[in-house]
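Enquirer: Here you go, this is final-v8.cif (mmCIF, C-alpha atoms and all ligand atoms).
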```cif
data_protein
loop_
_atom_site.label_atom_id
_atom_site.label_comp_id
_atom_site.auth_asym_id
_atom_site.auth_seq_id
_atom_site.Cartn_x
_atom_site.Cartn_y
_atom_site.Cartn_z
CA MET A 1 -19.34 -18.59 -20.42
CA ARG A 2 -19.92 -15.06 -19.07
CA GLY A 3 -17.79 -12.94 -16.82
CA VAL A 4 -18.13 -9.62 -15.04
CA VAL A 5 -15.54 -7.04 -14.08
CA ILE A 6 -16.42 -4.75 -11.17
CA CYS A 7 -14.88 -1.26 -11.15
CA ASN A 8 -14.81 1.44 -8.54
CA ALA A 9 -17.89 3.67 -8.70
CA TYR A 10 -16.02 6.95 -8.26
CA TYR A 11 -12.91 6.56 -10.41
CA GLN A 12 -13.87 5.89 -14.01
CA THR A 13 -11.49 8.02 -16.07
CA ASP A 14 -10.26 6.80 -19.48
CA GLU A 15 -6.92 5.92 -17.88
CA ILE A 16 -8.65 3.70 -15.33
CA MET A 17 -11.26 2.22 -17.70
CA TYR A 18 -8.54 1.27 -20.23
CA GLN A 19 -7.93 -1.91 -18.18
CA PRO A 20 -11.48 -3.34 -18.03
CA ARG A 21 -12.09 -2.34 -21.66
CA ARG A 22 -8.95 -4.13 -22.83
CA LEU A 23 -9.96 -7.18 -20.81
CA ARG A 24 -13.42 -7.13 -22.42
CA GLU A 25 -11.79 -6.93 -25.85
CA GLU A 26 -9.48 -9.88 -25.17
CA PHE A 27 -12.25 -12.02 -23.68
CA SER A 28 -14.41 -11.27 -26.69
CA ARG A 29 -11.57 -12.51 -28.93
CA LEU A 30 -11.70 -15.75 -26.90
CA GLY A 31 -15.48 -16.00 -27.33
CA VAL A 32 -16.38 -14.90 -23.78
CA GLU A 33 -18.65 -11.98 -22.96
CA LEU A 34 -17.29 -9.74 -20.20
CA THR A 35 -19.69 -7.21 -18.62
CA ILE A 36 -18.21 -4.06 -17.11
CA MET A 37 -20.12 -3.24 -13.90
CA SER A 38 -19.73 -0.32 -11.53
CA ALA A 39 -19.70 -1.03 -7.80
CA SER A 40 -22.64 1.40 -7.67
CA ALA A 41 -24.80 -1.45 -9.05
CA PHE A 42 -24.70 -2.70 -5.41
CA PRO A 43 -24.46 -6.34 -6.48
CA PHE A 44 -24.74 -7.83 -2.96
CA CYS A 45 -27.13 -7.44 -0.09
CA VAL A 46 -27.73 -9.27 3.17
CA GLU A 47 -31.46 -9.74 3.49
CA GLY A 48 -33.63 -12.03 5.62
CA GLY A 49 -30.44 -13.49 7.07
CA ALA A 50 -29.19 -14.54 3.61
CA LEU A 51 -26.71 -13.16 1.08
CA ARG A 52 -28.44 -12.03 -2.10
CA SER A 53 -26.21 -11.80 -5.18
CA ALA A 54 -26.93 -10.13 -8.50
CA LEU A 55 -23.98 -12.01 -10.03
CA ALA A 56 -25.56 -15.48 -10.07
CA GLY A 57 -25.60 -15.55 -13.88
CA TYR A 58 -21.84 -14.99 -14.21
CA ASP A 59 -19.14 -17.66 -14.26
CA PHE A 60 -16.34 -15.48 -12.88
CA LEU A 61 -15.61 -12.06 -11.44
CA ILE A 62 -12.59 -9.89 -12.20
CA PHE A 63 -12.32 -7.49 -9.32
CA TRP A 64 -11.00 -4.10 -10.40
CA ASP A 65 -12.11 -2.32 -7.23
CA LYS A 66 -10.59 -2.63 -3.77
CA ASP A 67 -13.79 -2.79 -1.74
CA LYS A 68 -13.17 -5.69 0.61
CA TYR A 69 -16.86 -6.03 1.49
CA LEU A 70 -17.84 -6.59 -2.13
CA LEU A 71 -15.07 -9.11 -2.60
CA ALA A 72 -15.91 -10.95 0.64
CA ALA A 73 -19.54 -11.09 -0.49
CA ALA A 74 -18.52 -12.41 -3.92
CA GLU A 75 -16.48 -15.20 -2.36
CA ALA A 76 -19.25 -16.04 0.08
CA ALA A 77 -21.63 -16.24 -2.89
CA GLY A 78 -19.26 -18.76 -4.49
CA ILE A 79 -18.31 -16.94 -7.70
CA PRO A 80 -14.66 -17.50 -8.73
CA THR A 81 -12.74 -14.23 -8.14
CA PHE A 82 -9.67 -12.81 -9.89
CA ASN A 83 -7.89 -11.62 -7.79
CA GLY A 84 -9.27 -13.08 -4.58
CA TYR A 85 -9.97 -11.50 -1.20
CA PHE A 86 -6.67 -12.46 0.43
CA GLY A 87 -4.50 -10.94 -2.30
CA VAL A 88 -6.52 -7.78 -2.84
CA THR A 89 -6.74 -6.93 0.86
CA ALA A 90 -3.06 -7.81 1.48
CA CYS A 91 -1.97 -5.52 -1.39
CA ASP A 92 -4.35 -2.66 -0.68
CA ASP A 93 -2.60 -2.04 2.64
CA LYS A 94 1.17 -1.62 2.14
CA MET A 95 1.91 -2.65 5.73
CA LEU A 96 -0.18 -5.82 5.45
CA THR A 97 1.71 -6.67 2.24
CA PHE A 98 5.04 -6.51 4.06
CA LEU A 99 3.66 -8.57 6.96
CA ALA A 100 2.37 -11.22 4.55
CA LEU A 101 5.78 -11.39 2.85
CA ALA A 102 7.93 -11.24 6.00
CA ASP A 103 9.86 -14.38 7.05
CA HIS A 104 9.81 -15.78 3.51
CA GLY A 105 13.23 -14.57 2.38
CA ILE A 106 11.79 -11.61 0.44
CA PRO A 107 14.06 -8.51 0.49
CA MET A 108 12.19 -5.39 1.66
CA PRO A 109 13.27 -1.99 3.04
CA LYS A 110 13.23 -1.61 6.83
CA THR A 111 9.66 -0.57 7.70
CA LEU A 112 7.93 0.42 10.92
CA PRO A 113 4.12 0.47 11.16
CA GLY A 114 2.74 3.85 12.24
CA LEU A 115 0.71 4.17 15.42
CA LEU A 116 -3.04 3.84 15.21
CA CYS A 117 -4.68 7.05 16.37
CA TYR A 118 -8.37 7.49 17.10
CA ARG A 119 -8.30 10.96 18.62
CA PRO A 120 -6.02 13.81 17.61
CA GLU A 121 -4.22 14.16 20.94
CA LYS A 122 -0.71 15.48 20.52
CA HIS A 123 1.27 14.09 23.45
CA VAL A 124 2.27 10.82 21.73
CA LEU A 125 3.90 12.60 18.79
CA LYS A 126 7.19 13.44 20.51
CA GLU A 127 7.82 9.88 21.68
CA ALA A 128 6.93 8.49 18.26
CA SER A 129 9.13 11.02 16.42
CA ASP A 130 12.11 10.17 18.67
CA ARG A 131 11.74 6.48 17.85
CA VAL A 132 11.32 7.05 14.09
CA GLU A 133 14.29 9.41 13.96
CA ALA A 134 16.50 6.96 15.90
CA GLU A 135 15.41 4.06 13.68
CA PHE A 136 15.89 5.65 10.24
CA GLY A 137 17.77 8.97 10.40
CA TYR A 138 17.09 11.39 7.51
CA PRO A 139 15.89 11.39 4.87
CA LEU A 140 13.19 8.83 5.58
CA VAL A 141 9.97 7.88 3.82
CA VAL A 142 6.46 8.10 5.29
CA LYS A 143 3.65 6.36 3.38
CA GLU A 144 -0.06 6.18 3.84
CA SER A 145 -0.80 2.45 3.91
CA TYR A 146 -3.64 2.87 1.38
CA GLY A 147 -1.85 5.36 -0.87
CA SER A 148 -1.52 4.82 -4.61
CA LEU A 149 -0.28 6.55 -7.78
CA GLY A 150 2.43 8.24 -5.71
CA ARG A 151 -0.15 10.03 -3.53
CA GLY A 152 0.31 9.74 0.23
CA GLU A 153 4.11 9.31 -0.03
CA TYR A 154 6.43 11.74 1.73
CA LEU A 155 10.21 12.13 1.71
CA VAL A 156 11.09 13.68 5.05
CA HIS A 157 14.39 15.54 5.57
CA ASP A 158 14.34 16.79 9.15
CA ARG A 159 12.48 16.92 12.45
CA THR A 160 10.27 19.84 11.40
CA GLU A 161 9.11 18.04 8.26
CA LEU A 162 8.60 14.83 10.26
CA ALA A 163 6.35 16.65 12.72
CA SER A 164 4.22 18.15 9.98
CA VAL A 165 3.92 14.86 8.00
CA MET A 166 3.06 12.92 11.16
CA GLU A 167 0.40 15.47 11.89
CA GLU A 168 -0.89 15.10 8.33
CA VAL A 169 -1.15 11.28 8.39
CA ARG A 170 -1.99 10.79 12.06
CA LEU A 171 -5.61 9.75 11.51
CA LYS A 172 -4.78 7.49 8.54
CA PRO A 173 -3.02 4.10 8.63
CA HIS A 174 0.62 4.76 7.70
CA LEU A 175 4.16 3.45 7.92
CA PHE A 176 7.74 4.70 8.19
CA GLN A 177 10.39 3.37 5.86
CA GLU A 178 14.08 3.53 5.13
CA PHE A 179 14.79 5.74 2.07
CA ILE A 180 16.57 3.73 -0.62
CA ALA A 181 18.73 6.53 -1.99
CA GLU A 182 20.25 4.38 -4.80
CA SER A 183 16.74 4.06 -6.25
CA ALA A 184 15.62 7.69 -5.92
CA GLY A 185 13.32 8.50 -8.84
CA ARG A 186 13.67 5.01 -10.31
CA ASP A 187 11.91 1.69 -9.81
CA LEU A 188 11.22 -1.61 -11.56
CA ARG A 189 7.72 -2.88 -12.28
CA VAL A 190 7.42 -6.63 -12.93
CA VAL A 191 4.10 -8.04 -14.12
CA VAL A 192 3.06 -11.58 -13.23
CA VAL A 193 0.08 -13.54 -14.57
CA GLY A 194 -0.48 -16.98 -13.00
CA GLU A 195 2.87 -18.76 -13.07
CA ARG A 196 4.32 -16.50 -15.78
CA VAL A 197 6.42 -13.36 -15.60
CA LEU A 198 5.25 -11.21 -18.52
CA GLY A 199 8.16 -8.77 -18.35
CA GLY A 200 9.53 -5.70 -16.68
CA MET A 201 9.74 -1.97 -17.14
CA VAL A 202 11.88 0.63 -15.44
CA ARG A 203 10.19 3.89 -14.56
CA THR A 204 12.23 7.04 -14.16
CA SER A 205 10.89 10.29 -12.76
CA GLY A 206 11.72 13.75 -13.96
CA GLY A 207 13.18 14.78 -10.56
CA ASP A 208 10.69 13.58 -7.92
CA PHE A 209 11.73 10.65 -5.67
CA ARG A 210 8.56 8.90 -6.85
CA SER A 211 8.72 7.34 -10.31
CA ASN A 212 4.98 6.67 -10.83
CA LEU A 213 3.81 7.20 -14.42
CA ALA A 214 0.83 9.06 -12.95
CA ARG A 215 3.36 11.63 -11.67
CA GLY A 216 5.14 12.04 -14.98
CA GLY A 217 7.57 9.10 -14.78
CA LYS A 218 8.81 7.63 -18.08
CA ALA A 219 8.68 3.89 -18.78
CA GLU A 220 11.12 1.69 -20.63
CA ALA A 221 11.13 -2.09 -21.10
CA TYR A 222 13.66 -3.81 -18.80
CA PRO A 223 14.84 -7.42 -18.95
CA VAL A 224 13.84 -9.48 -15.91
CA ASP A 225 16.66 -11.88 -15.00
CA GLU A 226 16.06 -15.36 -13.58
CA GLY A 227 16.55 -14.25 -9.96
CA ALA A 228 14.01 -11.41 -10.24
CA ALA A 229 11.60 -13.70 -12.11
CA GLN A 230 11.75 -16.39 -9.42
CA LEU A 231 11.36 -13.76 -6.68
CA SER A 232 8.32 -12.27 -8.45
CA LEU A 233 6.64 -15.67 -8.85
CA LYS A 234 7.25 -16.42 -5.18
CA ILE A 235 5.66 -13.10 -4.15
CA ALA A 236 2.60 -13.70 -6.34
CA ARG A 237 2.26 -17.19 -4.87
CA LEU A 238 2.58 -15.98 -1.25
CA LEU A 239 -0.07 -13.31 -1.86
CA ARG A 240 -2.26 -15.78 -3.83
CA LEU A 241 -2.47 -13.42 -6.80
CA ASP A 242 -3.47 -14.43 -10.33
CA TYR A 243 -2.32 -11.05 -11.61
CA CYS A 244 -0.06 -8.40 -10.14
CA GLY A 245 2.44 -5.65 -10.78
CA ILE A 246 5.31 -5.78 -8.30
CA ASP A 247 7.27 -2.56 -7.72
CA TYR A 248 10.92 -3.00 -6.78
CA LEU A 249 13.48 -0.48 -5.60
CA PHE A 250 17.09 -0.84 -6.74
CA GLY A 251 18.94 -1.35 -3.42
CA LYS A 252 22.73 -1.43 -3.12
CA ASP A 253 22.67 -5.23 -2.72
CA GLY A 254 19.87 -5.92 -5.21
CA LEU A 255 16.12 -5.52 -5.59
CA LEU A 256 13.89 -4.64 -2.64
CA VAL A 257 10.10 -4.96 -2.77
CA CYS A 258 8.47 -1.53 -2.64
CA GLU A 259 4.85 -2.61 -2.99
CA VAL A 260 2.63 -5.11 -4.78
CA ASN A 261 -0.34 -3.94 -6.87
CA SER A 262 -3.17 -6.45 -7.21
CA ASN A 263 -4.95 -4.13 -9.67
CA ALA A 264 -1.90 -2.74 -11.45
CA PHE A 265 -2.80 -0.51 -14.41
CA PHE A 266 -1.26 -2.05 -17.51
CA GLN A 267 -1.69 0.62 -20.15
CA GLY A 268 1.83 2.02 -19.57
CA PHE A 269 3.28 -1.49 -19.39
CA GLU A 270 1.62 -2.63 -22.62
CA GLY A 271 2.89 0.54 -24.29
CA ALA A 272 6.47 0.25 -23.02
CA THR A 273 6.92 -3.50 -23.53
CA GLY A 274 4.51 -4.41 -26.34
CA VAL A 275 3.27 -7.29 -24.16
CA ASN A 276 -0.45 -8.10 -24.35
CA VAL A 277 -1.21 -8.15 -20.62
CA ALA A 278 -5.01 -8.25 -21.00
CA GLY A 279 -4.77 -11.23 -23.37
CA ALA A 280 -2.45 -13.16 -21.04
CA TYR A 281 -4.73 -12.48 -18.05
CA ALA A 282 -7.86 -13.52 -19.97
CA GLU A 283 -6.20 -16.76 -21.13
CA HIS A 284 -5.00 -17.48 -17.60
CA ILE A 285 -8.49 -17.01 -16.14
CA LEU A 286 -10.11 -19.33 -18.69
CA ALA A 287 -7.40 -21.97 -18.23
CA LYS A 288 -7.77 -21.85 -14.45
CA LEU A 289 -11.57 -22.11 -14.62
CA ALA A 290 -11.28 -25.08 -17.00
CA ALA A 291 -8.77 -26.83 -14.70
CA ASP A 292 -11.00 -26.20 -11.66
CA GLY A 293 -13.99 -27.57 -13.63
CA ARG A 294 -12.08 -30.76 -14.51
CA ARG A 295 -11.04 -31.16 -10.87
CA ALA A 296 -14.68 -30.78 -9.72
CA GLU A 297 -15.80 -33.49 -12.19
CA ARG A 298 -13.32 -36.04 -10.86
N1 LIG B 301 11.60 3.53 0.54
C1 LIG B 301 11.73 4.15 -0.62
N2 LIG B 301 12.93 4.62 -1.05
C2 LIG B 301 13.06 5.28 -2.25
N3 LIG B 301 12.03 5.49 -3.08
C3 LIG B 301 10.80 5.04 -2.73
C4 LIG B 301 10.58 4.36 -1.49
N4 LIG B 301 9.29 4.02 -1.41
C5 LIG B 301 8.70 4.48 -2.53
N5 LIG B 301 9.59 5.09 -3.35
C6 LIG B 301 9.28 5.73 -4.65
O1 LIG B 301 7.95 6.19 -4.60
C7 LIG B 301 7.15 5.52 -5.59
C8 LIG B 301 5.77 5.26 -5.07
O2 LIG B 301 5.83 4.38 -3.96
P1 LIG B 301 4.90 3.09 -3.81
O3 LIG B 301 5.16 2.50 -2.47
O4 LIG B 301 5.05 2.22 -5.00
O5 LIG B 301 3.43 3.73 -3.70
P2 LIG B 301 2.25 3.99 -4.76
O6 LIG B 301 1.19 3.03 -4.33
O7 LIG B 301 1.86 5.40 -4.52
O8 LIG B 301 2.77 3.68 -6.14
C9 LIG B 301 7.92 4.24 -5.92
O9 LIG B 301 7.60 3.79 -7.20
C10 LIG B 301 9.35 4.72 -5.79
O10 LIG B 301 9.76 5.41 -6.98
MG MG B 302 3.79 1.96 -6.78
#
```
Would you put the structure from the file into structure tokens?
Expert:
Amino acid sequence: MRGVVICNAYYQTDEIMYQPRRLREEFSRLGVELTIMSASAFPFCVEGGALRSALAGYDFLIFWDKDKYLLAAAEAAGIPTFNGYFGVTACDDKMLTFLALADHGIPMPKTLPGLLCYRPEKHVLKEASDRVEAEFGYPLVVKESYGSLGRGEYLVHDRTELASVMEEVRLKPHLFQEFIAESAGRDLRVVVVGERVLGGMVRTSGGDFRSNLARGGKAEAYPVDEGAAQLSLKIARLLRLDYCGIDYLFGKDGLLVCEVNSNAFFQGFEGATGVNVAGAYAEHILAKLAADGRRAER
């Protein structure tokens, strides 16, 4: 058995590569060779009307990039993918995540998709600002739909700030969201692998409203109660994810989903909780492949 993990070609810092390296280590312990491949290997090509794949010799693909074309190609080529196209694309875009989870009894902050803009004409801005202001009041949160690591998140306090942030994000997909004041600078990350909740950690910022570890937040293990565990499993199931890190805000009536990360970094989580995330994910992948193999034989 041989697997491959595809990583983004541009971002290959130690912090990012920790994840694929730990996965390689855990697979090796289980007797499986895992190759780390950069997306710059261009593993797929459409040629002569057919899809050509350089991954034919691998039994599974762990996708640590977010390039939907690569993942669509992998699925078309028939290689088992972890996570799959549906989950990765639904999580990459924060608005699509909320739309996929809506009407399933999942608590989320009130959220309004931003307008799609192709040309930087200004006349729509006033109308849009009036609506956003009436819907949320201040402060409110503006997020780039494809933001991560706390980048592309804005806490907006008044009309002047709203105008400048809307100008800033106008040509990027974005959303407007209710600010959950009770959770300012604090959130809960729950990690799920297959049908198991591996644990939780609370992240606390040193002053910023964003608690991301990448922005200096501090992590501490946090017990996940039965309600939060069942909610997390339901979210992973709805988004068809084999692995994810779900970020929750602490609302006044309980947890609210902030976002779901299909490629959640787990270095901070392993450090804070002592849980072997890479090992659990590797075991899950092998168990799922074995079960699928048995099903195919029947
Ligand atoms: N609506 C909100 N109310 C209060 N805090 C928020 C809200 N949305 C995000 N945050 C804070 O900002 C952080 C980053 O937001 P998140 O949506 O998880 O984006 P990223 O992909 O950048 O991690 C969260 O972990 C949380 O601390
Ligand atoms: Mg987050």
Enquirer: Show me which residues sit within 6 Å of ligand LIG 301 (chain B) when counting all atoms listed in the file, and put them as a VMD selection string.
Expert: chain A and resid 141 147 to 151 177 to 181 183 to 187 209 to 212 247 258 to 259
Enquirer: Go through A:Leu61, A:Leu213, A:Leu241, A:Ala228 one by one, measure the shortest atom-to-atom distance of each to ligand MG 302 (chain B) using only C-alpha atoms and all ligand atoms, and give the residue with the smallest value.
Expert: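 Distance minimum relative to ligand MG 302 (chain B) lands on A:Leu213.
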Enquirer: Write out as CSV the residues of segment 150-197 of chain A that have any atom within 9 Å of an atom of segment 115-134 of chain A, one row each with the nearest atom pair and its distance in Å to one decimal, counting only C-alpha atoms, sorted by chain and then rising number.
Expert:
```
residue,atom,partner,partner_atom,distance
A:Asp158,CA,A:Glu133,CA,8.8
A:Arg159,CA,A:Ser129,CA,7.9
A:Leu162,CA,A:Ser129,CA,7.3
A:Ala163,CA,A:Ser129,CA,7.3
A:Met166,CA,A:Leu125,CA,7.7
A:Glu167,CA,A:Leu125,CA,8.3
A:Arg170,CA,A:Cys117,CA,6.3
A:Leu171,CA,A:Cys117,CA,5.6
A:Lys172,CA,A:Leu116,CA,7.8
A:Pro173,CA,A:Leu116,CA,6.6
A:His174,CA,A:Leu115,CA,7.7
A:Leu175,CA,A:Leu115,CA,8.3
A:Phe176,CA,A:Val132,CA,7.3
```
Enquirer: Please indicate the distance in Å from atom CA of Asp92 of chain A to atom CA of Ser262 of chain A, rounded to one decimal place.
Expert: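 Rounded to one decimal, the two atoms are 7.6 Å apart.
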Enquirer: Can you measure atom CA of Phe98 of chain A to atom CA of Trp64 of chain A for me? One decimal in Å is fine.
Expert: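 Atom-to-atom, atom CA of Phe98 of chain A to atom CA of Trp64 of chain A, that is 21.7 Å.
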Enquirer: Output segment 129-140 of chain A with all heavy atoms present, as a PDB file, keeping the file's coordinate frame.
Expert:
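Saved result, out_23.pdb, follows:
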```pdb
ATOM      1  N   SER A 129       8.122  10.396  17.293  1.00  0.00           N
ATOM      2  CA  SER A 129       9.130  11.020  16.420  1.00  0.00           C
ATOM      3  C   SER A 129      10.539  10.619  16.856  1.00  0.00           C
ATOM      4  O   SER A 129      11.403  10.364  16.015  1.00  0.00           O
ATOM      5  CB  SER A 129       9.073  12.539  16.459  1.00  0.00           C
ATOM      6  OG  SER A 129       7.774  12.978  16.400  1.00  0.00           O
ATOM      7  N   ASP A 130      10.784  10.561  18.184  1.00  0.00           N
ATOM      8  CA  ASP A 130      12.110  10.170  18.670  1.00  0.00           C
ATOM      9  C   ASP A 130      12.466   8.774  18.170  1.00  0.00           C
ATOM     10  O   ASP A 130      13.564   8.516  17.706  1.00  0.00           O
ATOM     11  CB  ASP A 130      12.132  10.148  20.214  1.00  0.00           C
ATOM     12  CG  ASP A 130      12.108  11.560  20.795  1.00  0.00           C
ATOM     13  OD1 ASP A 130      12.333  12.520  20.037  1.00  0.00           O
ATOM     14  OD2 ASP A 130      11.848  11.685  22.016  1.00  0.00           O
ATOM     15  N   ARG A 131      11.490   7.878  18.257  1.00  0.00           N
ATOM     16  CA  ARG A 131      11.740   6.480  17.850  1.00  0.00           C
ATOM     17  C   ARG A 131      12.003   6.395  16.347  1.00  0.00           C
ATOM     18  O   ARG A 131      12.944   5.741  15.891  1.00  0.00           O
ATOM     19  CB  ARG A 131      10.522   5.629  18.238  1.00  0.00           C
ATOM     20  CG  ARG A 131      10.533   4.225  17.694  1.00  0.00           C
ATOM     21  CD  ARG A 131      11.617   3.355  18.352  1.00  0.00           C
ATOM     22  NE  ARG A 131      11.941   2.175  17.561  1.00  0.00           N
ATOM     23  CZ  ARG A 131      11.207   1.061  17.560  1.00  0.00           C
ATOM     24  NH1 ARG A 131      10.131   0.969  18.310  1.00  0.00           N
ATOM     25  NH2 ARG A 131      11.562   0.028  16.801  1.00  0.00           N
ATOM     26  N   VAL A 132      11.190   7.097  15.561  1.00  0.00           N
ATOM     27  CA  VAL A 132      11.320   7.050  14.090  1.00  0.00           C
ATOM     28  C   VAL A 132      12.664   7.629  13.673  1.00  0.00           C
ATOM     29  O   VAL A 132      13.382   7.057  12.846  1.00  0.00           O
ATOM     30  CB  VAL A 132      10.147   7.825  13.438  1.00  0.00           C
ATOM     31  CG1 VAL A 132      10.388   8.060  11.960  1.00  0.00           C
ATOM     32  CG2 VAL A 132       8.842   7.065  13.649  1.00  0.00           C
ATOM     33  N   GLU A 133      13.028   8.727  14.275  1.00  0.00           N
ATOM     34  CA  GLU A 133      14.290   9.410  13.960  1.00  0.00           C
ATOM     35  C   GLU A 133      15.480   8.494  14.300  1.00  0.00           C
ATOM     36  O   GLU A 133      16.415   8.340  13.509  1.00  0.00           O
ATOM     37  CB  GLU A 133      14.352  10.666  14.826  1.00  0.00           C
ATOM     38  CG  GLU A 133      15.198  11.770  14.279  1.00  0.00           C
ATOM     39  CD  GLU A 133      14.966  13.031  15.109  1.00  0.00           C
ATOM     40  OE1 GLU A 133      15.325  13.038  16.308  1.00  0.00           O
ATOM     41  OE2 GLU A 133      14.399  13.979  14.569  1.00  0.00           O
ATOM     42  N   ALA A 134      15.406   7.837  15.489  1.00  0.00           N
ATOM     43  CA  ALA A 134      16.500   6.960  15.900  1.00  0.00           C
ATOM     44  C   ALA A 134      16.590   5.743  14.970  1.00  0.00           C
ATOM     45  O   ALA A 134      17.675   5.260  14.661  1.00  0.00           O
ATOM     46  CB  ALA A 134      16.278   6.503  17.336  1.00  0.00           C
ATOM     47  N   GLU A 135      15.455   5.272  14.507  1.00  0.00           N
ATOM     48  CA  GLU A 135      15.410   4.060  13.680  1.00  0.00           C
ATOM     49  C   GLU A 135      15.947   4.308  12.265  1.00  0.00           C
ATOM     50  O   GLU A 135      16.656   3.475  11.711  1.00  0.00           O
ATOM     51  CB  GLU A 135      13.955   3.584  13.612  1.00  0.00           C
ATOM     52  CG  GLU A 135      13.754   2.166  13.184  1.00  0.00           C
ATOM     53  CD  GLU A 135      14.170   1.146  14.244  1.00  0.00           C
ATOM     54  OE1 GLU A 135      13.615   1.153  15.368  1.00  0.00           O
ATOM     55  OE2 GLU A 135      15.074   0.365  13.921  1.00  0.00           O
ATOM     56  N   PHE A 136      15.607   5.455  11.673  1.00  0.00           N
ATOM     57  CA  PHE A 136      15.890   5.650  10.240  1.00  0.00           C
ATOM     58  C   PHE A 136      16.866   6.783   9.925  1.00  0.00           C
ATOM     59  O   PHE A 136      17.485   6.769   8.874  1.00  0.00           O
ATOM     60  CB  PHE A 136      14.578   5.944   9.478  1.00  0.00           C
ATOM     61  CG  PHE A 136      13.583   4.829   9.552  1.00  0.00           C
ATOM     62  CD1 PHE A 136      12.514   4.888  10.427  1.00  0.00           C
ATOM     63  CD2 PHE A 136      13.729   3.708   8.753  1.00  0.00           C
ATOM     64  CE1 PHE A 136      11.595   3.849  10.516  1.00  0.00           C
ATOM     65  CE2 PHE A 136      12.819   2.666   8.821  1.00  0.00           C
ATOM     66  CZ  PHE A 136      11.744   2.734   9.703  1.00  0.00           C
ATOM     67  N   GLY A 137      17.002   7.778  10.784  1.00  0.00           N
ATOM     68  CA  GLY A 137      17.770   8.970  10.400  1.00  0.00           C
ATOM     69  C   GLY A 137      17.052   9.674   9.247  1.00  0.00           C
ATOM     70  O   GLY A 137      15.915   9.314   8.916  1.00  0.00           O
ATOM     71  N   TYR A 138      17.711  10.647   8.628  1.00  0.00           N
ATOM     72  CA  TYR A 138      17.090  11.390   7.510  1.00  0.00           C
ATOM     73  C   TYR A 138      17.935  11.234   6.246  1.00  0.00           C
ATOM     74  O   TYR A 138      19.154  11.087   6.361  1.00  0.00           O
ATOM     75  CB  TYR A 138      16.957  12.864   7.858  1.00  0.00           C
ATOM     76  CG  TYR A 138      16.029  13.116   9.018  1.00  0.00           C
ATOM     77  CD1 TYR A 138      16.540  13.495  10.272  1.00  0.00           C
ATOM     78  CD2 TYR A 138      14.659  12.950   8.879  1.00  0.00           C
ATOM     79  CE1 TYR A 138      15.694  13.720  11.349  1.00  0.00           C
ATOM     80  CE2 TYR A 138      13.809  13.167   9.965  1.00  0.00           C
ATOM     81  CZ  TYR A 138      14.329  13.544  11.192  1.00  0.00           C
ATOM     82  OH  TYR A 138      13.489  13.748  12.244  1.00  0.00           O
ATOM     83  N   PRO A 139      17.332  11.323   5.063  1.00  0.00           N
ATOM     84  CA  PRO A 139      15.890  11.390   4.870  1.00  0.00           C
ATOM     85  C   PRO A 139      15.234  10.032   5.124  1.00  0.00           C
ATOM     86  O   PRO A 139      15.882   9.000   5.041  1.00  0.00           O
ATOM     87  CB  PRO A 139      15.760  11.802   3.398  1.00  0.00           C
ATOM     88  CG  PRO A 139      17.006  11.342   2.739  1.00  0.00           C
ATOM     89  CD  PRO A 139      18.076  11.358   3.781  1.00  0.00           C
ATOM     90  N   LEU A 140      13.965  10.061   5.416  1.00  0.00           N
ATOM     91  CA  LEU A 140      13.190   8.830   5.580  1.00  0.00           C
ATOM     92  C   LEU A 140      11.886   8.991   4.820  1.00  0.00           C
ATOM     93  O   LEU A 140      11.513  10.105   4.433  1.00  0.00           O
ATOM     94  CB  LEU A 140      12.953   8.538   7.060  1.00  0.00           C
ATOM     95  CG  LEU A 140      12.166   9.548   7.890  1.00  0.00           C
ATOM     96  CD1 LEU A 140      10.671   9.274   7.856  1.00  0.00           C
ATOM     97  CD2 LEU A 140      12.633   9.489   9.343  1.00  0.00           C
TER      98      LEU A 140
END
```
